[in-house]
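Containing compact mmCIF, C-alpha atoms: upload-v3.txt.
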# COMPACT_ATOMS: atom_id res chain seq x y z
CA MET J 1299 46.78 -10.50 -94.48
CA SER J 1300 48.76 -7.67 -92.91
CA ASP J 1301 52.30 -6.74 -93.94
CA SER J 1302 53.72 -7.71 -90.56
CA SER J 1303 52.13 -11.16 -90.51
CA SER J 1304 53.21 -11.92 -94.09
CA ARG J 1305 56.83 -11.16 -93.22
CA THR J 1306 56.82 -13.70 -90.42
CA ARG J 1307 54.77 -16.44 -92.04
CA ARG J 1308 56.37 -19.30 -93.88
CA VAL J 1309 55.58 -19.73 -97.58
CA ALA J 1310 54.36 -22.86 -99.38
CA VAL J 1311 54.10 -23.10 -103.15
CA PHE J 1312 51.69 -25.26 -105.14
CA SER J 1313 51.64 -25.78 -108.91
CA ASP J 1314 49.42 -27.54 -111.40
CA PHE J 1315 51.22 -29.90 -113.81
CA ASP J 1316 49.43 -30.23 -117.16
CA GLY J 1317 49.52 -26.97 -119.08
CA THR J 1318 51.56 -25.30 -116.35
CA ILE J 1319 54.72 -27.39 -115.95
CA ALA J 1320 54.13 -29.75 -118.90
CA HIS J 1321 53.17 -28.74 -122.44
CA PRO J 1322 50.94 -29.90 -123.98
CA ASP J 1323 48.48 -31.22 -121.41
CA THR J 1324 49.17 -34.97 -121.15
CA ILE J 1325 45.55 -35.98 -120.49
CA ASN J 1326 44.28 -33.97 -123.45
CA LEU J 1327 47.00 -35.34 -125.71
CA LEU J 1328 46.28 -38.95 -124.72
CA ALA J 1329 42.51 -38.47 -125.06
CA GLU J 1330 42.95 -37.05 -128.56
CA THR J 1331 45.37 -39.82 -129.52
CA PHE J 1332 43.31 -42.75 -128.27
CA GLY J 1333 39.77 -41.36 -128.33
CA GLY J 1334 40.02 -38.87 -131.18
CA VAL J 1335 39.92 -35.07 -131.35
CA GLU J 1336 36.12 -34.94 -131.52
CA PHE J 1337 35.82 -37.20 -128.48
CA ARG J 1338 38.08 -34.95 -126.43
CA ARG J 1339 36.25 -31.80 -127.56
CA ASP J 1340 32.92 -33.40 -126.68
CA ILE J 1341 34.16 -34.33 -123.19
CA GLY J 1342 35.61 -30.85 -122.72
CA GLY J 1343 32.32 -29.26 -123.74
CA LYS J 1344 30.33 -31.42 -121.34
CA ILE J 1345 32.68 -30.55 -118.47
CA ALA J 1346 32.49 -26.84 -119.29
CA SER J 1347 28.70 -26.88 -119.43
CA GLY J 1348 28.37 -28.84 -116.20
CA GLU J 1349 26.73 -31.80 -117.94
CA ILE J 1350 29.37 -34.07 -116.41
CA SER J 1351 31.82 -33.55 -113.57
CA LEU J 1352 35.52 -33.03 -114.12
CA ARG J 1353 36.09 -36.34 -112.36
CA ASP J 1354 33.81 -38.22 -114.77
CA GLY J 1355 35.31 -36.45 -117.77
CA ILE J 1356 38.86 -37.38 -116.80
CA ALA J 1357 37.78 -40.95 -116.07
CA ALA J 1358 36.25 -41.21 -119.55
CA GLU J 1359 39.39 -39.80 -121.19
CA VAL J 1360 41.75 -42.09 -119.28
CA ALA J 1361 39.57 -45.12 -120.11
CA THR J 1362 40.41 -44.66 -123.81
CA ILE J 1363 44.15 -45.16 -123.24
CA ARG J 1364 45.65 -48.45 -124.37
CA GLY J 1365 49.10 -49.93 -123.87
CA SER J 1366 51.50 -50.40 -121.00
CA LEU J 1367 52.70 -47.51 -118.88
CA ASP J 1368 56.14 -47.74 -120.49
CA GLN J 1369 54.65 -47.62 -123.99
CA VAL J 1370 52.56 -44.57 -123.17
CA LEU J 1371 55.51 -42.85 -121.51
CA ASP J 1372 57.67 -43.46 -124.59
CA PHE J 1373 54.95 -41.77 -126.62
CA LEU J 1374 54.67 -38.82 -124.23
CA ARG J 1375 58.41 -38.23 -123.92
CA GLN J 1376 58.55 -37.60 -127.67
CA ARG J 1377 55.76 -35.01 -127.53
CA VAL J 1378 55.62 -33.41 -124.08
CA GLU J 1379 58.10 -30.85 -122.81
CA ILE J 1380 58.74 -29.87 -119.22
CA ASP J 1381 59.01 -26.09 -118.89
CA GLU J 1382 62.76 -25.50 -118.75
CA SER J 1383 62.29 -22.80 -116.10
CA PHE J 1384 60.54 -25.17 -113.67
CA PRO J 1385 63.53 -27.21 -112.40
CA PRO J 1386 65.54 -24.05 -111.53
CA PHE J 1387 62.49 -22.66 -109.74
CA ALA J 1388 62.09 -25.93 -107.83
CA GLN J 1389 65.72 -25.68 -106.74
CA TRP J 1390 65.15 -22.05 -105.71
CA CYS J 1391 62.38 -23.30 -103.43
CA ARG J 1392 64.64 -26.00 -102.05
CA ARG J 1393 67.46 -23.57 -101.20
CA ARG J 1394 65.02 -21.37 -99.32
CA GLU J 1395 63.33 -24.29 -97.58
CA ILE J 1396 60.02 -23.41 -99.24
CA PRO J 1397 57.89 -26.55 -99.65
CA LEU J 1398 56.82 -27.07 -103.26
CA THR J 1399 53.91 -29.36 -104.14
CA VAL J 1400 52.66 -30.37 -107.58
CA LEU J 1401 48.86 -30.72 -107.56
CA SER J 1402 47.30 -32.57 -110.47
CA ALA J 1403 43.97 -33.98 -111.56
CA GLY J 1404 45.98 -36.21 -113.88
CA ILE J 1405 47.96 -39.44 -113.64
CA LYS J 1406 50.44 -39.64 -110.78
CA ASP J 1407 52.53 -42.42 -112.35
CA VAL J 1408 52.97 -40.44 -115.58
CA ILE J 1409 53.93 -37.23 -113.78
CA GLU J 1410 56.47 -39.02 -111.57
CA ARG J 1411 58.20 -40.53 -114.60
CA LEU J 1412 58.22 -37.31 -116.63
CA LEU J 1413 59.77 -35.35 -113.75
CA ALA J 1414 62.21 -38.12 -112.70
CA PRO J 1415 65.15 -36.95 -114.88
CA TYR J 1416 65.26 -33.56 -113.16
CA GLY J 1417 66.29 -34.67 -109.67
CA LEU J 1418 63.35 -33.12 -107.87
CA ASP J 1419 62.96 -35.59 -105.03
CA HIS J 1420 62.17 -32.73 -102.65
CA VAL J 1421 59.03 -31.83 -104.63
CA LYS J 1422 55.85 -33.39 -103.26
CA LEU J 1423 53.29 -34.75 -105.73
CA LEU J 1424 49.56 -35.11 -105.14
CA ALA J 1425 47.83 -36.72 -108.12
CA ASN J 1426 45.60 -39.66 -108.96
CA PRO J 1427 47.33 -43.10 -108.92
CA LEU J 1428 46.96 -45.30 -111.99
CA GLU J 1429 45.56 -48.81 -112.21
CA ILE J 1430 45.81 -50.93 -115.36
CA ILE J 1431 43.53 -53.96 -115.22
CA ASP J 1432 43.14 -56.15 -118.31
CA HIS J 1433 44.81 -53.40 -120.36
CA ARG J 1434 42.18 -50.88 -119.21
CA TRP J 1435 43.43 -47.66 -117.64
CA THR J 1436 41.60 -46.29 -114.60
CA LEU J 1437 42.44 -43.80 -111.86
CA ARG J 1438 42.11 -44.14 -108.11
CA PHE J 1439 40.88 -40.64 -107.46
CA LEU J 1440 42.24 -38.97 -104.36
CA ASP J 1441 38.84 -37.95 -103.00
CA ASP J 1442 35.09 -38.23 -103.59
CA THR J 1443 34.60 -34.68 -104.84
CA PRO J 1444 33.33 -33.89 -108.36
CA TRP J 1445 36.93 -32.98 -109.24
CA GLY J 1446 38.40 -36.31 -108.19
CA HIS J 1447 41.14 -34.27 -106.53
CA ASP J 1448 40.13 -31.09 -104.73
CA LYS J 1449 43.33 -29.09 -105.11
CA GLY J 1450 42.06 -26.43 -102.74
CA ALA J 1451 42.23 -28.85 -99.81
CA ALA J 1452 46.04 -28.87 -99.83
CA LEU J 1453 46.13 -25.08 -99.63
CA VAL J 1454 43.60 -25.05 -96.80
CA ARG J 1455 45.84 -27.42 -94.85
CA ALA J 1456 48.91 -25.30 -95.52
CA ARG J 1457 47.21 -22.08 -94.46
CA SER J 1458 45.90 -23.77 -91.31
CA ALA J 1459 49.51 -24.73 -90.53
CA GLY J 1460 50.56 -21.10 -90.78
CA TYR J 1461 51.88 -20.90 -94.34
CA ALA J 1462 51.25 -18.12 -96.82
CA THR J 1463 50.43 -19.85 -100.10
CA ALA J 1464 51.17 -19.31 -103.76
CA PHE J 1465 49.47 -21.28 -106.53
CA LEU J 1466 50.22 -21.59 -110.25
CA GLY J 1467 47.73 -23.02 -112.72
CA ASP J 1468 46.01 -22.85 -116.07
CA GLY J 1469 42.64 -24.64 -116.02
CA LEU J 1470 39.24 -25.37 -114.51
CA SER J 1471 40.62 -27.93 -112.06
CA ASP J 1472 42.80 -25.16 -110.59
CA LEU J 1473 40.03 -22.76 -109.61
CA ARG J 1474 39.41 -24.13 -106.13
CA ALA J 1475 43.12 -23.90 -105.33
CA ALA J 1476 43.22 -20.36 -106.69
CA ASN J 1477 40.32 -19.44 -104.43
CA GLN J 1478 42.37 -20.55 -101.41
CA ALA J 1479 45.74 -19.05 -102.35
CA ASP J 1480 47.25 -15.83 -101.04
CA LEU J 1481 48.98 -15.32 -104.38
CA VAL J 1482 47.80 -16.70 -107.74
CA PHE J 1483 49.74 -17.04 -110.98
CA ALA J 1484 47.38 -17.90 -113.84
CA ARG J 1485 47.29 -18.40 -117.58
CA SER J 1486 44.80 -19.62 -120.15
CA ARG J 1487 41.40 -20.71 -118.84
CA LEU J 1488 42.26 -20.12 -115.19
CA ALA J 1489 43.21 -16.53 -115.99
CA ASN J 1490 39.81 -16.04 -117.68
CA LEU J 1491 38.00 -17.58 -114.70
CA CYS J 1492 39.90 -15.34 -112.30
CA ARG J 1493 38.88 -12.28 -114.33
CA GLN J 1494 35.25 -13.39 -114.34
CA LYS J 1495 35.27 -13.90 -110.59
CA GLN J 1496 37.37 -10.77 -109.92
CA LEU J 1497 40.01 -12.89 -108.25
CA PRO J 1498 43.39 -11.10 -108.24
CA PHE J 1499 46.14 -12.92 -110.11
CA ILE J 1500 49.49 -12.41 -111.77
CA PRO J 1501 49.70 -13.48 -115.44
CA LEU J 1502 51.92 -16.54 -115.77
CA GLU J 1503 54.40 -16.81 -118.63
CA ASP J 1504 56.88 -19.28 -117.14
CA PHE J 1505 58.63 -19.92 -113.81
CA SER J 1506 61.61 -17.64 -114.39
CA THR J 1507 60.25 -14.65 -112.43
CA VAL J 1508 57.98 -16.50 -109.99
CA GLY J 1509 60.56 -16.66 -107.20
CA ALA J 1510 61.17 -12.92 -107.25
CA THR J 1511 57.43 -12.26 -107.33
CA ILE J 1512 56.79 -14.56 -104.36
CA THR J 1513 59.57 -12.80 -102.47
CA ARG J 1514 58.06 -9.40 -103.20
CA HIS J 1515 54.43 -10.21 -102.50
CA LEU J 1516 54.55 -12.88 -99.79
CA ILE J 1517 57.95 -12.82 -98.09
CA GLN J 1518 58.26 -9.04 -98.10
CA GLY J 1519 54.50 -8.64 -97.82
CA ASN J 1520 53.68 -6.04 -100.45
CA GLY J 1521 50.39 -7.69 -101.45
CA ILE J 1522 48.93 -7.69 -104.97
CA GLY J 1523 46.73 -5.32 -106.86
CA SER J 1524 43.70 -5.63 -109.08
CA PRO J 1525 42.81 -8.76 -111.07
CA GLY J 1526 45.22 -9.47 -113.89
CA HIS J 1527 48.04 -7.40 -112.44
Starting from the file, lay out its structure as structure tokens.
Amino acid sequence: MSDSSSRTRRVAVFSDFDGTIAHPDTINLLAETFGGVEFRRDIGGKIASGEISLRDGIAAEVATIRGSLDQVLDFLRQRVEIDESFPPFAQWCRRREIPLTVLSAGIKDVIERLLAPYGLDHVKLLANPLEIIDHRWTLRFLDDTPWGHDKGAALVRARSAGYATAFLGDGLSDLRAANQADLVFARSRLANLCRQKQLPFIPLEDFSTVGATITRHLIQGNGIGSPGH
């Protein structure tokens, strides 16, 4: 992307939720709580090795959850924190008319409720809706891909509409979005995957400097350097 085109293109921002906005990861926490630590580690190992798809792994983890949505949310609110730098960043996007979308392979209903106190009605959310039938938790996955939600598809649509894109994430489910983004902020497993694939990224600590970095690299069009920088 040339400097001149990046200065004239609109910017759209996309962020993962679990492990990026919320800490700890809500799906992992619930799987450990209801299925046990060894169960979650076993599922994680099978996903990492390719023995099962991410979609099937998440489905198995969610199936262990018991209780009403309100009961589970009460549990999560006592243990999960929203990154305090995210709401100010979301408002920064709003003031600059930069669309901000949360992309998640997790539970839409849970994410909506955890973000509700922060007044972020302008933030779009794409995640898997919840169904509870006979006390059994299941997800209505957004697509038929092995991920259950191909996060990269949203970035493809944005780029086709003329947006320069930034993506923030931390895990395996974020790799396809990172592959489509003009600017990637990564931590944890996603950072390792980006290094392995020589995909340029900016290490992500929190959201406090993301706005300035987006301005520098996308709005002003200075580009980014080598992987991990």
Ala1451 of chain J environment, 10 Å, only C-alpha atoms, sequence neighbours closer than 4 positions dropped, as a compact mmCIF listing (two decimals) with C-alpha atoms, in the frame of the given file:
# COMPACT_ATOMS: atom_id res chain seq x y z
CA HIS J 1447 41.14 -34.27 -106.53
CA ARG J 1455 45.84 -27.42 -94.85
CA ALA J 1456 48.91 -25.30 -95.52
CA ARG J 1457 47.21 -22.08 -94.46
CA ARG J 1474 39.41 -24.13 -106.13
CA ALA J 1475 43.12 -23.90 -105.33
CA GLN J 1478 42.37 -20.55 -101.41
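Proximity of J:Leu1473, J:Leu1418, J:Ala1361, J:Ile1405 to Lys1449 of chain J, computed with all atoms listed in the file, is greatest for J:Leu1473.
Coordinates place atom CA of Ile1345 of chain J at a distance of 17.9 Å from atom CA of Cys1492 of chain J.
Put simply, atom CA of Glu1429 of chain J is 15.0 Å away from atom CA of Gly1446 of chain J.
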>> Can you tell me which residues surround segment 1392-1403 of chain J at a distance of at most 10 Å, considering only C-alpha atoms, apart from same-chain residues fewer than 2 positions away, and format the answer as a ChimeraX atom specification?
In response: /J:1308-1316,1319,1325,1352-1353,1356,1386-1390,1405-1406,1409,1418,1420-1426,1437,1439-1440,1445-1450,1452-1453,1456,1461,1464-1467,1471-1472,1475
Output C-alpha atoms for every residue in that selection, as a PDB file, in the coordinates of the input.
ATOM      1  CA  ARG J1308      56.370 -19.300 -93.880  1.00  0.00           C
ATOM      2  CA  VAL J1309      55.580 -19.730 -97.580  1.00  0.00           C
ATOM      3  CA  ALA J1310      54.360 -22.860 -99.380  1.00  0.00           C
ATOM      4  CA  VAL J1311      54.100 -23.100-103.150  1.00  0.00           C
ATOM      5  CA  PHE J1312      51.690 -25.260-105.140  1.00  0.00           C
ATOM      6  CA  SER J1313      51.640 -25.780-108.910  1.00  0.00           C
ATOM      7  CA  ASP J1314      49.420 -27.540-111.400  1.00  0.00           C
ATOM      8  CA  PHE J1315      51.220 -29.900-113.810  1.00  0.00           C
ATOM      9  CA  ASP J1316      49.430 -30.230-117.160  1.00  0.00           C
ATOM     10  CA  ILE J1319      54.720 -27.390-115.950  1.00  0.00           C
ATOM     11  CA  ILE J1325      45.550 -35.980-120.490  1.00  0.00           C
ATOM     12  CA  LEU J1352      35.520 -33.030-114.120  1.00  0.00           C
ATOM     13  CA  ARG J1353      36.090 -36.340-112.360  1.00  0.00           C
ATOM     14  CA  ILE J1356      38.860 -37.380-116.800  1.00  0.00           C
ATOM     15  CA  PRO J1386      65.540 -24.050-111.530  1.00  0.00           C
ATOM     16  CA  PHE J1387      62.490 -22.660-109.740  1.00  0.00           C
ATOM     17  CA  ALA J1388      62.090 -25.930-107.830  1.00  0.00           C
ATOM     18  CA  GLN J1389      65.720 -25.680-106.740  1.00  0.00           C
ATOM     19  CA  TRP J1390      65.150 -22.050-105.710  1.00  0.00           C
ATOM     20  CA  ILE J1405      47.960 -39.440-113.640  1.00  0.00           C
ATOM     21  CA  LYS J1406      50.440 -39.640-110.780  1.00  0.00           C
ATOM     22  CA  ILE J1409      53.930 -37.230-113.780  1.00  0.00           C
ATOM     23  CA  LEU J1418      63.350 -33.120-107.870  1.00  0.00           C
ATOM     24  CA  HIS J1420      62.170 -32.730-102.650  1.00  0.00           C
ATOM     25  CA  VAL J1421      59.030 -31.830-104.630  1.00  0.00           C
ATOM     26  CA  LYS J1422      55.850 -33.390-103.260  1.00  0.00           C
ATOM     27  CA  LEU J1423      53.290 -34.750-105.730  1.00  0.00           C
ATOM     28  CA  LEU J1424      49.560 -35.110-105.140  1.00  0.00           C
ATOM     29  CA  ALA J1425      47.830 -36.720-108.120  1.00  0.00           C
ATOM     30  CA  ASN J1426      45.600 -39.660-108.960  1.00  0.00           C
ATOM     31  CA  LEU J1437      42.440 -43.800-111.860  1.00  0.00           C
ATOM     32  CA  PHE J1439      40.880 -40.640-107.460  1.00  0.00           C
ATOM     33  CA  LEU J1440      42.240 -38.970-104.360  1.00  0.00           C
ATOM     34  CA  TRP J1445      36.930 -32.980-109.240  1.00  0.00           C
ATOM     35  CA  GLY J1446      38.400 -36.310-108.190  1.00  0.00           C
ATOM     36  CA  HIS J1447      41.140 -34.270-106.530  1.00  0.00           C
ATOM     37  CA  ASP J1448      40.130 -31.090-104.730  1.00  0.00           C
ATOM     38  CA  LYS J1449      43.330 -29.090-105.110  1.00  0.00           C
ATOM     39  CA  GLY J1450      42.060 -26.430-102.740  1.00  0.00           C
ATOM     40  CA  ALA J1452      46.040 -28.870 -99.830  1.00  0.00           C
ATOM     41  CA  LEU J1453      46.130 -25.080 -99.630  1.00  0.00           C
ATOM     42  CA  ALA J1456      48.910 -25.300 -95.520  1.00  0.00           C
ATOM     43  CA  TYR J1461      51.880 -20.900 -94.340  1.00  0.00           C
ATOM     44  CA  ALA J1464      51.170 -19.310-103.760  1.00  0.00           C
ATOM     45  CA  PHE J1465      49.470 -21.280-106.530  1.00  0.00           C
ATOM     46  CA  LEU J1466      50.220 -21.590-110.250  1.00  0.00           C
ATOM     47  CA  GLY J1467      47.730 -23.020-112.720  1.00  0.00           C
ATOM     48  CA  SER J1471      40.620 -27.930-112.060  1.00  0.00           C
ATOM     49  CA  ASP J1472      42.800 -25.160-110.590  1.00  0.00           C
ATOM     50  CA  ALA J1475      43.120 -23.900-105.330  1.00  0.00           C
TER      51      ALA J1475
END
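One distance worth recording is that between atom CA of Asp1407 of chain J and atom CA of Pro1322 of chain J, which is 17.2 Å.
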Might you pull out every residue within 12 Å of Ala1484 of chain J, with all atoms listed in the file counted and same-chain residues fewer than 4 positions away left off, and present them as a PDB file with C-alpha atoms, keeping the file's coordinate frame?
ATOM      1  CA  SER J1313      51.640 -25.780-108.910  1.00  0.00           C
ATOM      2  CA  ASP J1314      49.420 -27.540-111.400  1.00  0.00           C
ATOM      3  CA  GLY J1317      49.520 -26.970-119.080  1.00  0.00           C
ATOM      4  CA  THR J1318      51.560 -25.300-116.350  1.00  0.00           C
ATOM      5  CA  ALA J1464      51.170 -19.310-103.760  1.00  0.00           C
ATOM      6  CA  PHE J1465      49.470 -21.280-106.530  1.00  0.00           C
ATOM      7  CA  LEU J1466      50.220 -21.590-110.250  1.00  0.00           C
ATOM      8  CA  GLY J1467      47.730 -23.020-112.720  1.00  0.00           C
ATOM      9  CA  ASP J1468      46.010 -22.850-116.070  1.00  0.00           C
ATOM     10  CA  GLY J1469      42.640 -24.640-116.020  1.00  0.00           C
ATOM     11  CA  LEU J1470      39.240 -25.370-114.510  1.00  0.00           C
ATOM     12  CA  ASP J1472      42.800 -25.160-110.590  1.00  0.00           C
ATOM     13  CA  LEU J1473      40.030 -22.760-109.610  1.00  0.00           C
ATOM     14  CA  ALA J1475      43.120 -23.900-105.330  1.00  0.00           C
ATOM     15  CA  ALA J1476      43.220 -20.360-106.690  1.00  0.00           C
ATOM     16  CA  ASN J1477      40.320 -19.440-104.430  1.00  0.00           C
ATOM     17  CA  ALA J1479      45.740 -19.050-102.350  1.00  0.00           C
ATOM     18  CA  LEU J1488      42.260 -20.120-115.190  1.00  0.00           C
ATOM     19  CA  ALA J1489      43.210 -16.530-115.990  1.00  0.00           C
ATOM     20  CA  ASN J1490      39.810 -16.040-117.680  1.00  0.00           C
ATOM     21  CA  LEU J1491      38.000 -17.580-114.700  1.00  0.00           C
ATOM     22  CA  CYS J1492      39.900 -15.340-112.300  1.00  0.00           C
ATOM     23  CA  ARG J1493      38.880 -12.280-114.330  1.00  0.00           C
ATOM     24  CA  LEU J1497      40.010 -12.890-108.250  1.00  0.00           C
ATOM     25  CA  PRO J1498      43.390 -11.100-108.240  1.00  0.00           C
ATOM     26  CA  PHE J1499      46.140 -12.920-110.110  1.00  0.00           C
ATOM     27  CA  ILE J1500      49.490 -12.410-111.770  1.00  0.00           C
ATOM     28  CA  PRO J1501      49.700 -13.480-115.440  1.00  0.00           C
ATOM     29  CA  LEU J1502      51.920 -16.540-115.770  1.00  0.00           C
ATOM     30  CA  GLU J1503      54.400 -16.810-118.630  1.00  0.00           C
ATOM     31  CA  ASP J1504      56.880 -19.280-117.140  1.00  0.00           C
ATOM     32  CA  PHE J1505      58.630 -19.920-113.810  1.00  0.00           C
ATOM     33  CA  VAL J1508      57.980 -16.500-109.990  1.00  0.00           C
ATOM     34  CA  PRO J1525      42.810  -8.760-111.070  1.00  0.00           C
ATOM     35  CA  GLY J1526      45.220  -9.470-113.890  1.00  0.00           C
ATOM     36  CA  HIS J1527      48.040  -7.400-112.440  1.00  0.00           C
TER      37      HIS J1527
END
> Which residues come within 12 Å of segment 1431-1434 of chain J, counting only C-alpha atoms, excluding same-chain residues fewer than 6 positions away, as number ranges by chain?
Replying inline: J: 1357-1367, 1369
> Using only C-alpha atoms, which residues sit within 12 Å of Glu1336 of chain J once same-chain residues fewer than 6 positions away are excluded, as a list in words?
Replying inline: Asn1326, Ala1329, Glu1330, Gly1342, Gly1343 and Glu1359 of chain J
> From the set J:Ile1380, J:Val1454, J:Cys1391, J:Val1370, which residue has the shortest atom-to-atom contact distance to Thr1513 of chain J, counting only C-alpha atoms?
Replying inline: J:Cys1391
